[in-house]
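S.K.: Sharing a structure with you now.
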Amino acid sequence: MEKLVIHGGNRLTGEVEISGAKNAAVAIIPATLLAQDVCRIENIPNISDVVTMVRILSNMGAVVRYLNKHTIEIDTRPVNSYIVPHEMTKKLRASYYLIGALLGRYNRAKVSLPGGCNFGVRPIDLHIKGFELLGATANVENAMIVASADHLTGASVYMDKVSVGATINVMLAAVKARGLTIIENAAKEPHIVDLANFLNAMGADVRGAGTDVIKIRGVTHLHGCEYSIIPDQIEAGTYMVAAAATKGDVLVKNVIPKHLESISAKLVECGAQVIEYDDAVRVRCDGPLKRCNLKTMPHPGFPTDMQPQMSVILAIANGTSLVSEGVWDNRFRYVDQLIRMGANVQVDGTIAVFQGVEELTGAPVRADDLRAGAAMIIAGLVARGTTEIEDIIYIDRGYEDYVEKLRDLGADIYRKEFRDDHNQPAAG
Ligand code: EPZ
């Protein structure tokens, strides 16, 4: 087992290069099941969620070739099954995108219910509603989602709630359906647009991605393509917050500033300076951190995946801040770990009230999920003393080379092997 050890107090300074977007990659890789030729994908992030998704496709018979650390070629022509068992899907929430892709390829899919982060209920009713409107039957049987159709026919799909996953899954099923599909109240995240651009590069006809109405006209054939994944909005935001929290001065490179607008605005509200360039943002903070209120919303609102990280700033800012989690029903589990470090926070359902404290103090803590883990790293960077973070396997899922990137910025952080005594019988 590994844990992180962080000696807090160092300002982050210098430059950091952002990797490809995790939430685009885990949708684009299964989308290659729809192509009848080889797809070359560049700027793939080297993270365990991507390794897992690539491994699933390989186990299904796809031929995957890594041209370098960030470029892969995927040929799914040899795939000859629409069944994805539990041992392959249990580690990856995004494995449910295989349903939409397999439905689009075979008119059939049998995929084990996924695993993934544990913050609140994660239903799939909107995914199933979308598949049924396209003409499939879709049910959960023995913890597997079983879907099938004689053929898929374009339909109007109104999303009762804005859902990234359901929007993506309907897009994947609809690109080869007969006729026109209209997704209303669609998610507008950058990775939705990236998937649409990838599908169109394969010869699909997807219009309106990035707005709340996406129109997909089904085609009969999708060819291979070459595509480069967008930079990761949330990885970039995480380093921006870490720079401000440590009173540092960091140039965050290989970003799309427009994707970061809500994060930049909040950091400026908290007293940081954010300077935008064509493909980089510079974040500096040399004054006191100020309180602010935060409400997470679907894009273009403040991203829920940045809520734990931003909350660390509010935990040490001057004054009282209100954080309202507008997407998930239980995304404050990390607060217990922050309180161990001296934070003063009250949580009531989807609302948390942060009374800023002078400083956090280092402590042994754990990562409850991917973004909670990122928040604990930021807390460790600003805390007085040493912080040790366990369960960092969550963080490895979504942040490429984060220890090396942080050390290059001046952080005193390293991985440490340890034996997990939790499972040892108590002595005596
Ligand atoms: C995606 O999850 C992301 N994961 C999450 O990021 C992110 O937090 C979330 O979108 C919101 O942006 C990936 O892209 C792999 P949703 P997803 O469907 O698609 C409800 C990370 O840290 N809902 O947009 O599962 C749901 O309960 C991860 O990278 C239904 O009610 O999220 C939630 O309240 C964590 N029925 C809301 O919609 C459904 O059928 C938004 O969920 C589906 C969702």
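Chain identifiers are assigned as A, B, and so on, following the order in which chains appear in the structure tokens; residues are numbered from 1 within each chain, and ligands are numbered from 1 in order of appearance.
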If you run DSSP on the backbone here, which positions in segment 134-320 of chain A get strand (DSSP E)? Please write them as a PyMOL selection string.
M.R.: chain A and resi 137-141+144-148+156-158+180-184+206-207+213-217+225-228+249-253+273-276+280-284+294-295+320
S.K.: Restricting it to N, CA and C atoms, dump the selection as a CSV table (one decimal), in the first residue's frame.
M.R.:
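What ended up in out-v4.csv:
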chain,number,residue,atom,x,y,z
A,137,THR,N,-35.3,-2.1,-25.3
A,137,THR,CA,-35.7,-2.5,-23.9
A,137,THR,C,-34.4,-2.4,-23.1
A,138,ALA,N,-34.6,-1.9,-21.9
A,138,ALA,CA,-33.4,-1.8,-21.0
A,138,ALA,C,-33.9,-2.1,-19.6
A,139,ASN,N,-33.2,-3.1,-18.9
A,139,ASN,CA,-33.6,-3.5,-17.6
A,139,ASN,C,-32.3,-3.8,-16.8
A,140,VAL,N,-32.4,-3.8,-15.5
A,140,VAL,CA,-31.3,-4.2,-14.6
A,140,VAL,C,-31.6,-5.6,-14.2
A,141,GLU,N,-30.8,-6.6,-14.5
A,141,GLU,CA,-31.0,-8.0,-14.2
A,141,GLU,C,-29.6,-8.5,-13.6
A,144,MET,N,-26.7,-6.4,-13.7
A,144,MET,CA,-26.2,-6.0,-15.1
A,144,MET,C,-27.3,-5.2,-15.8
A,145,ILE,N,-26.9,-4.3,-16.6
A,145,ILE,CA,-27.9,-3.5,-17.4
A,145,ILE,C,-28.0,-4.3,-18.7
A,146,VAL,N,-29.2,-4.8,-19.0
A,146,VAL,CA,-29.4,-5.6,-20.3
A,146,VAL,C,-30.3,-4.7,-21.2
A,147,ALA,N,-29.7,-4.4,-22.4
A,147,ALA,CA,-30.5,-3.6,-23.3
A,147,ALA,C,-30.5,-4.2,-24.7
A,148,SER,N,-31.6,-4.1,-25.4
A,148,SER,CA,-31.6,-4.7,-26.8
A,148,SER,C,-32.7,-4.0,-27.6
A,156,SER,N,-37.0,12.1,-29.5
A,156,SER,CA,-36.8,13.3,-28.7
A,156,SER,C,-36.6,12.8,-27.3
A,157,VAL,N,-35.5,13.2,-26.6
A,157,VAL,CA,-35.2,12.8,-25.3
A,157,VAL,C,-35.0,14.0,-24.4
A,158,TYR,N,-36.0,14.2,-23.5
A,158,TYR,CA,-35.9,15.3,-22.6
A,158,TYR,C,-35.3,14.8,-21.3
A,180,LEU,N,-33.6,11.2,-36.7
A,180,LEU,CA,-33.1,12.4,-35.9
A,180,LEU,C,-33.4,12.1,-34.4
A,181,THR,N,-32.4,12.3,-33.6
A,181,THR,CA,-32.5,12.3,-32.1
A,181,THR,C,-32.3,13.8,-31.6
A,182,ILE,N,-33.2,14.2,-30.8
A,182,ILE,CA,-33.0,15.5,-30.2
A,182,ILE,C,-32.9,15.4,-28.6
A,183,ILE,N,-31.8,15.7,-28.1
A,183,ILE,CA,-31.6,15.6,-26.6
A,183,ILE,C,-31.8,17.0,-26.1
A,184,GLU,N,-32.8,17.2,-25.2
A,184,GLU,CA,-33.2,18.5,-24.6
A,184,GLU,C,-32.8,18.5,-23.2
A,206,VAL,N,-23.5,15.3,-35.4
A,206,VAL,CA,-23.9,15.7,-34.0
A,206,VAL,C,-23.8,17.2,-34.0
A,207,ARG,N,-24.9,17.9,-33.8
A,207,ARG,CA,-24.9,19.4,-33.7
A,207,ARG,C,-25.5,19.9,-32.4
A,213,VAL,N,-29.5,21.8,-26.3
A,213,VAL,CA,-30.2,21.0,-27.3
A,213,VAL,C,-29.2,20.4,-28.2
A,214,ILE,N,-29.1,19.1,-28.2
A,214,ILE,CA,-28.1,18.4,-29.1
A,214,ILE,C,-28.9,17.6,-30.1
A,215,LYS,N,-28.7,17.8,-31.4
A,215,LYS,CA,-29.4,17.1,-32.5
A,215,LYS,C,-28.4,16.2,-33.2
A,216,ILE,N,-28.9,14.9,-33.3
A,216,ILE,CA,-28.0,13.8,-33.8
A,216,ILE,C,-28.8,13.2,-35.0
A,217,ARG,N,-28.2,13.3,-36.2
A,217,ARG,CA,-28.9,12.6,-37.3
A,217,ARG,C,-28.1,11.3,-37.6
A,225,CYS,N,-10.5,7.7,-37.3
A,225,CYS,CA,-10.1,9.2,-37.3
A,225,CYS,C,-8.9,9.4,-36.4
A,226,GLU,N,-8.4,10.6,-36.5
A,226,GLU,CA,-7.3,11.0,-35.6
A,226,GLU,C,-7.9,12.2,-34.8
A,227,TYR,N,-7.6,12.1,-33.5
A,227,TYR,CA,-8.3,13.1,-32.6
A,227,TYR,C,-7.4,13.4,-31.4
A,228,SER,N,-7.4,14.7,-30.9
A,228,SER,CA,-6.6,15.0,-29.7
A,228,SER,C,-7.6,15.5,-28.7
A,249,ASP,N,2.6,31.4,-7.0
A,249,ASP,CA,2.6,32.1,-8.3
A,249,ASP,C,2.9,31.0,-9.4
A,250,VAL,N,1.8,30.5,-10.0
A,250,VAL,CA,1.9,29.4,-10.9
A,250,VAL,C,1.4,29.6,-12.3
A,251,LEU,N,2.1,29.3,-13.3
A,251,LEU,CA,1.6,29.3,-14.7
A,251,LEU,C,1.1,28.0,-15.0
A,252,VAL,N,-0.2,27.9,-15.2
A,252,VAL,CA,-0.9,26.6,-15.5
A,252,VAL,C,-1.0,26.5,-17.1
A,253,LYS,N,-0.2,25.6,-17.7
A,253,LYS,CA,-0.1,25.6,-19.2
A,253,LYS,C,-0.9,24.5,-19.8
A,273,GLN,N,-5.1,36.7,-8.0
A,273,GLN,CA,-5.0,37.3,-9.3
A,273,GLN,C,-5.0,36.2,-10.3
A,274,VAL,N,-5.8,36.3,-11.4
A,274,VAL,CA,-5.7,35.3,-12.5
A,274,VAL,C,-5.5,36.0,-13.8
A,275,ILE,N,-4.4,35.7,-14.5
A,275,ILE,CA,-4.1,36.4,-15.8
A,275,ILE,C,-4.3,35.3,-16.8
A,276,GLU,N,-5.1,35.6,-17.9
A,276,GLU,CA,-5.4,34.6,-18.9
A,276,GLU,C,-4.5,34.9,-20.1
A,280,ALA,N,-3.0,29.3,-21.5
A,280,ALA,CA,-2.4,29.2,-20.1
A,280,ALA,C,-3.1,30.2,-19.2
A,281,VAL,N,-3.1,29.9,-17.9
A,281,VAL,CA,-3.5,31.0,-17.0
A,281,VAL,C,-2.5,31.0,-15.9
A,282,ARG,N,-2.3,32.3,-15.4
A,282,ARG,CA,-1.3,32.5,-14.3
A,282,ARG,C,-2.1,32.8,-13.0
A,283,VAL,N,-1.9,32.1,-12.0
A,283,VAL,CA,-2.6,32.3,-10.7
A,283,VAL,C,-1.6,32.7,-9.6
A,284,ARG,N,-1.8,33.9,-9.0
A,284,ARG,CA,-0.9,34.4,-8.0
A,284,ARG,C,-1.8,34.8,-6.8
A,294,LEU,N,-20.3,29.7,-2.4
A,294,LEU,CA,-20.0,28.9,-3.6
A,294,LEU,C,-21.3,28.0,-3.8
A,295,LYS,N,-21.7,28.0,-5.1
A,295,LYS,CA,-22.8,27.1,-5.4
A,295,LYS,C,-22.4,26.3,-6.6
A,320,THR,N,-16.9,33.9,7.1
A,320,THR,CA,-17.7,32.7,6.9
A,320,THR,C,-18.2,32.5,5.5
S.K.: Given only C-alpha atoms and all ligand atoms, how would the per-residue table for chain A near ligand 1 read, listing every residue at most 6 Å away with its closest atom pair and distance in Å to one decimal, sorted by chain and number, as a tab-separated table?
M.R.:
residue	atom	partner	partner_atom_place_in_ligand_line	distance
A:Asn23	CA	ligand 1	14 (O)	4.3
A:Ala94	CA	ligand 1	15 (C)	4.7
A:Val121	CA	ligand 1	27 (O)	5.8
A:Arg122	CA	ligand 1	27 (O)	4.5
A:Pro123	CA	ligand 1	36 (N)	4.6
A:Ile124	CA	ligand 1	40 (O)	3.2
A:Asp125	CA	ligand 1	40 (O)	3.9
A:Leu126	CA	ligand 1	40 (O)	3.5
A:His127	CA	ligand 1	40 (O)	5.0
A:Lys161	CA	ligand 1	38 (O)	5.7
A:Val162	CA	ligand 1	38 (O)	6.0
A:Ser163	CA	ligand 1	24 (O)	3.4
A:Val164	CA	ligand 1	24 (O)	3.7
A:Gly165	CA	ligand 1	19 (O)	3.2
A:Ala166	CA	ligand 1	18 (O)	5.8
A:Thr304	CA	ligand 1	8 (O)	5.7
A:Asp305	CA	ligand 1	22 (O)	5.0
A:Val327	CA	ligand 1	34 (O)	4.8
A:Trp328	CA	ligand 1	34 (O)	4.4
A:Leu370	CA	ligand 1	22 (O)	5.8
A:Arg371	CA	ligand 1	22 (O)	5.5
S.K.: Between A:Gly373, A:Pro85, A:Gly135, A:Gly301, which one has atoms that come closest to Thr153 of chain A, using only C-alpha atoms?
M.R.: A:Gly135
S.K.: Write out as a ChimeraX atom specification each polymer residue whose atoms come within 10 Å of segment 334-340 of chain A, counting only C-alpha atoms; drop sequence neighbours fewer than 5 positions from it.
M.R.: /A:119,308,311-312,315,345-347,352,354,360-369,371-373,375-376,379-380,389
S.K.: Skip Ile74 of chain A itself and residues of its chain fewer than 5 positions away, then list as a ChimeraX atom specification all residues within 12 Å of it, counting only C-alpha atoms.
M.R.: /A:28-42,53-55,57-58,61-67,79,224-227
S.K.: Go ahead and compute the interatomic distance for atom CA of Ile6 of chain A and atom CA of Met240 of chain A, in Å to one decimal.
M.R.: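 Computing the Euclidean distance for atom CA of Ile6 of chain A and atom CA of Met240 of chain A yields 18.5 Å.
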S.K.: Just list as a ChimeraX atom specification whatever in segment 229-349 of chain A DSSP marks as alpha helix (DSSP H).
M.R.: /A:233-245,261-269,307-316,334-340
S.K.: Put those residues in a file: C-alpha atoms, as a JSON list (two decimals), in the first residue's frame.
M.R.:
[["chain", "number", "residue", "atom", "x", "y", "z"],
["A", 233, "GLN", "CA", -10.63, 21.49, -16.88],
["A", 234, "ILE", "CA", -10.69, 19.96, -13.37],
["A", 235, "GLU", "CA", -6.98, 19.10, -13.21],
["A", 236, "ALA", "CA", -6.24, 22.69, -14.27],
["A", 237, "GLY", "CA", -8.67, 24.08, -11.68],
["A", 238, "THR", "CA", -7.09, 21.93, -8.98],
["A", 239, "TYR", "CA", -3.62, 23.39, -9.61],
["A", 240, "MET", "CA", -5.10, 26.90, -9.81],
["A", 241, "VAL", "CA", -6.67, 26.46, -6.37],
["A", 242, "ALA", "CA", -3.45, 24.97, -4.95],
["A", 243, "ALA", "CA", -1.48, 27.98, -6.24],
["A", 244, "ALA", "CA", -3.88, 30.45, -4.60],
["A", 245, "ALA", "CA", -4.17, 28.47, -1.35],
["A", 261, "GLU", "CA", -14.01, 30.98, -16.27],
["A", 262, "SER", "CA", -16.14, 30.04, -13.26],
["A", 263, "ILE", "CA", -13.07, 28.81, -11.36],
["A", 264, "SER", "CA", -11.05, 31.94, -12.19],
["A", 265, "ALA", "CA", -13.94, 34.16, -11.11],
["A", 266, "LYS", "CA", -14.20, 32.43, -7.71],
["A", 267, "LEU", "CA", -10.44, 32.62, -7.13],
["A", 268, "VAL", "CA", -10.47, 36.36, -7.89],
["A", 269, "GLU", "CA", -13.39, 36.74, -5.46],
["A", 307, "GLN", "CA", -16.12, 21.90, -4.80],
["A", 308, "PRO", "CA", -13.87, 19.99, -2.34],
["A", 309, "GLN", "CA", -10.71, 21.72, -3.61],
["A", 310, "MET", "CA", -12.21, 25.24, -3.44],
["A", 311, "SER", "CA", -13.59, 24.52, 0.02],
["A", 312, "VAL", "CA", -10.05, 24.18, 1.38],
["A", 313, "ILE", "CA", -9.49, 27.86, 0.54],
["A", 314, "LEU", "CA", -12.74, 28.73, 2.32],
["A", 315, "ALA", "CA", -11.62, 26.72, 5.36],
["A", 316, "ILE", "CA", -8.68, 29.13, 5.87],
["A", 334, "TYR", "CA", -14.27, 14.95, 2.94],
["A", 335, "VAL", "CA", -15.25, 17.57, 5.56],
["A", 336, "ASP", "CA", -14.66, 15.01, 8.34],
["A", 337, "GLN", "CA", -11.04, 14.77, 7.19],
["A", 338, "LEU", "CA", -10.68, 18.57, 7.05],
["A", 339, "ILE", "CA", -12.03, 18.84, 10.61],
["A", 340, "ARG", "CA", -9.23, 16.46, 11.73]]
S.K.: As an exercise, work out the distance from atom CA of Glu87 of chain A to atom CA of Val403 of chain A in Å and give it to one decimal place.
M.R.: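 Rounded to one decimal, the two atoms are 29.1 Å apart.
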S.K.: Which one of A:Leu289, A:Ala177, A:Ile230, A:Val170 sits closest to Pro190 of chain A if you count only C-alpha atoms?
M.R.: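 Using only C-alpha atoms, the shortest distance to Pro190 of chain A belongs to A:Ile230.
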S.K.: Val51 of chain A: which residues within 12 Å, counting only C-alpha atoms, same-chain residues fewer than 3 positions away excluded, as a VMD selection string?
M.R.: chain A and resid 22 25 to 26 29 44 to 48 54 to 58 64 66 69 to 70 72 88 91 to 92 396 to 398 400
S.K.: Take the selection from the previous step and output its residues with N, CA, C and O atoms, as a compact mmCIF listing (two decimals), in the first residue's frame.
M.R.:
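The resulting file, part38.txt, is shown below:
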# COMPACT_ATOMS: atom_id res chain seq x y z
N LYS A 22 -9.75 13.67 -18.28
CA LYS A 22 -10.18 12.32 -17.88
C LYS A 22 -11.60 12.04 -18.36
O LYS A 22 -11.88 11.01 -18.98
N ALA A 25 -11.78 11.47 -22.04
CA ALA A 25 -11.11 10.22 -22.46
C ALA A 25 -11.97 8.99 -22.17
O ALA A 25 -12.11 8.11 -23.02
N VAL A 26 -12.61 8.96 -20.99
CA VAL A 26 -13.39 7.76 -20.62
C VAL A 26 -14.70 7.66 -21.40
O VAL A 26 -15.37 6.63 -21.34
N ILE A 29 -12.93 6.79 -25.55
CA ILE A 29 -12.38 5.43 -25.74
C ILE A 29 -13.49 4.41 -26.04
O ILE A 29 -13.42 3.71 -27.07
N ILE A 44 -4.02 11.67 -24.54
CA ILE A 44 -4.71 10.78 -23.57
C ILE A 44 -4.01 10.94 -22.23
O ILE A 44 -2.79 10.83 -22.16
N PRO A 45 -4.72 11.17 -21.12
CA PRO A 45 -4.03 11.27 -19.82
C PRO A 45 -3.58 9.90 -19.35
O PRO A 45 -4.27 8.90 -19.55
N ASN A 46 -2.39 9.85 -18.72
CA ASN A 46 -1.85 8.59 -18.22
C ASN A 46 -2.33 8.40 -16.78
O ASN A 46 -1.61 8.70 -15.82
N ILE A 47 -3.60 7.96 -16.63
CA ILE A 47 -4.23 7.79 -15.31
C ILE A 47 -4.91 6.43 -15.26
O ILE A 47 -5.23 5.85 -16.31
N SER A 48 -5.19 5.95 -14.05
CA SER A 48 -5.67 4.57 -13.96
C SER A 48 -7.08 4.39 -14.54
O SER A 48 -7.39 3.31 -15.06
N VAL A 54 -9.14 1.17 -21.24
CA VAL A 54 -8.41 0.54 -22.36
C VAL A 54 -8.33 -0.96 -22.15
O VAL A 54 -8.54 -1.75 -23.10
N ARG A 55 -8.12 -1.38 -20.90
CA ARG A 55 -8.02 -2.81 -20.60
C ARG A 55 -9.36 -3.50 -20.88
O ARG A 55 -9.40 -4.62 -21.41
N ILE A 56 -10.47 -2.84 -20.57
CA ILE A 56 -11.79 -3.43 -20.85
C ILE A 56 -11.93 -3.68 -22.35
O ILE A 56 -12.32 -4.76 -22.79
N LEU A 57 -11.58 -2.68 -23.16
CA LEU A 57 -11.71 -2.85 -24.62
C LEU A 57 -10.77 -3.95 -25.12
O LEU A 57 -11.16 -4.76 -25.97
N SER A 58 -9.57 -4.00 -24.57
CA SER A 58 -8.63 -5.07 -24.99
C SER A 58 -9.20 -6.43 -24.64
O SER A 58 -9.18 -7.36 -25.45
N VAL A 64 -5.21 -2.55 -29.16
CA VAL A 64 -4.82 -1.21 -28.70
C VAL A 64 -3.30 -1.10 -28.76
O VAL A 64 -2.59 -1.98 -28.26
N TYR A 66 -0.10 1.54 -27.94
CA TYR A 66 0.37 2.82 -27.41
C TYR A 66 1.53 3.30 -28.30
O TYR A 66 2.58 2.66 -28.35
N LYS A 69 3.36 7.69 -24.51
CA LYS A 69 2.65 7.72 -23.22
C LYS A 69 1.25 8.33 -23.36
O LYS A 69 0.34 8.01 -22.60
N HIS A 70 1.07 9.22 -24.35
CA HIS A 70 -0.20 9.96 -24.46
C HIS A 70 -0.94 9.74 -25.78
O HIS A 70 -1.91 10.44 -26.06
N ILE A 72 -2.69 6.74 -28.37
CA ILE A 72 -3.01 5.33 -28.59
C ILE A 72 -3.76 5.16 -29.92
O ILE A 72 -4.41 6.10 -30.39
N MET A 88 -14.70 -6.58 -14.93
CA MET A 88 -14.10 -5.53 -15.76
C MET A 88 -14.68 -4.16 -15.41
O MET A 88 -14.01 -3.14 -15.53
N LYS A 91 -14.38 -1.36 -11.27
CA LYS A 91 -13.47 -0.30 -10.81
C LYS A 91 -13.74 1.05 -11.47
O LYS A 91 -13.09 2.04 -11.16
N LEU A 92 -14.68 1.07 -12.42
CA LEU A 92 -14.77 2.30 -13.22
C LEU A 92 -16.22 2.71 -13.45
O LEU A 92 -16.95 2.05 -14.18
N ASP A 396 -4.99 8.54 -7.88
CA ASP A 396 -4.28 8.02 -9.07
C ASP A 396 -5.24 7.83 -10.24
O ASP A 396 -4.82 7.72 -11.38
N ARG A 397 -6.56 7.75 -9.94
CA ARG A 397 -7.54 7.53 -11.01
C ARG A 397 -7.62 8.73 -11.95
O ARG A 397 -7.96 8.58 -13.12
N GLY A 398 -7.35 9.96 -11.40
CA GLY A 398 -7.70 11.12 -12.22
C GLY A 398 -6.66 12.20 -12.36
O GLY A 398 -6.91 13.20 -13.02
N GLU A 400 -2.70 12.77 -13.49
CA GLU A 400 -1.46 12.21 -14.02
C GLU A 400 -0.24 12.79 -13.31
O GLU A 400 -0.10 14.02 -13.20
S.K.: Using only C-alpha atoms for the distances, tell me which of A:Ile229, A:Gly385, A:His223, A:Met306 is nearest to Asn197 of chain A.
M.R.: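 Looking at the shortest contact to Asn197 of chain A, the residue is A:Ile229.
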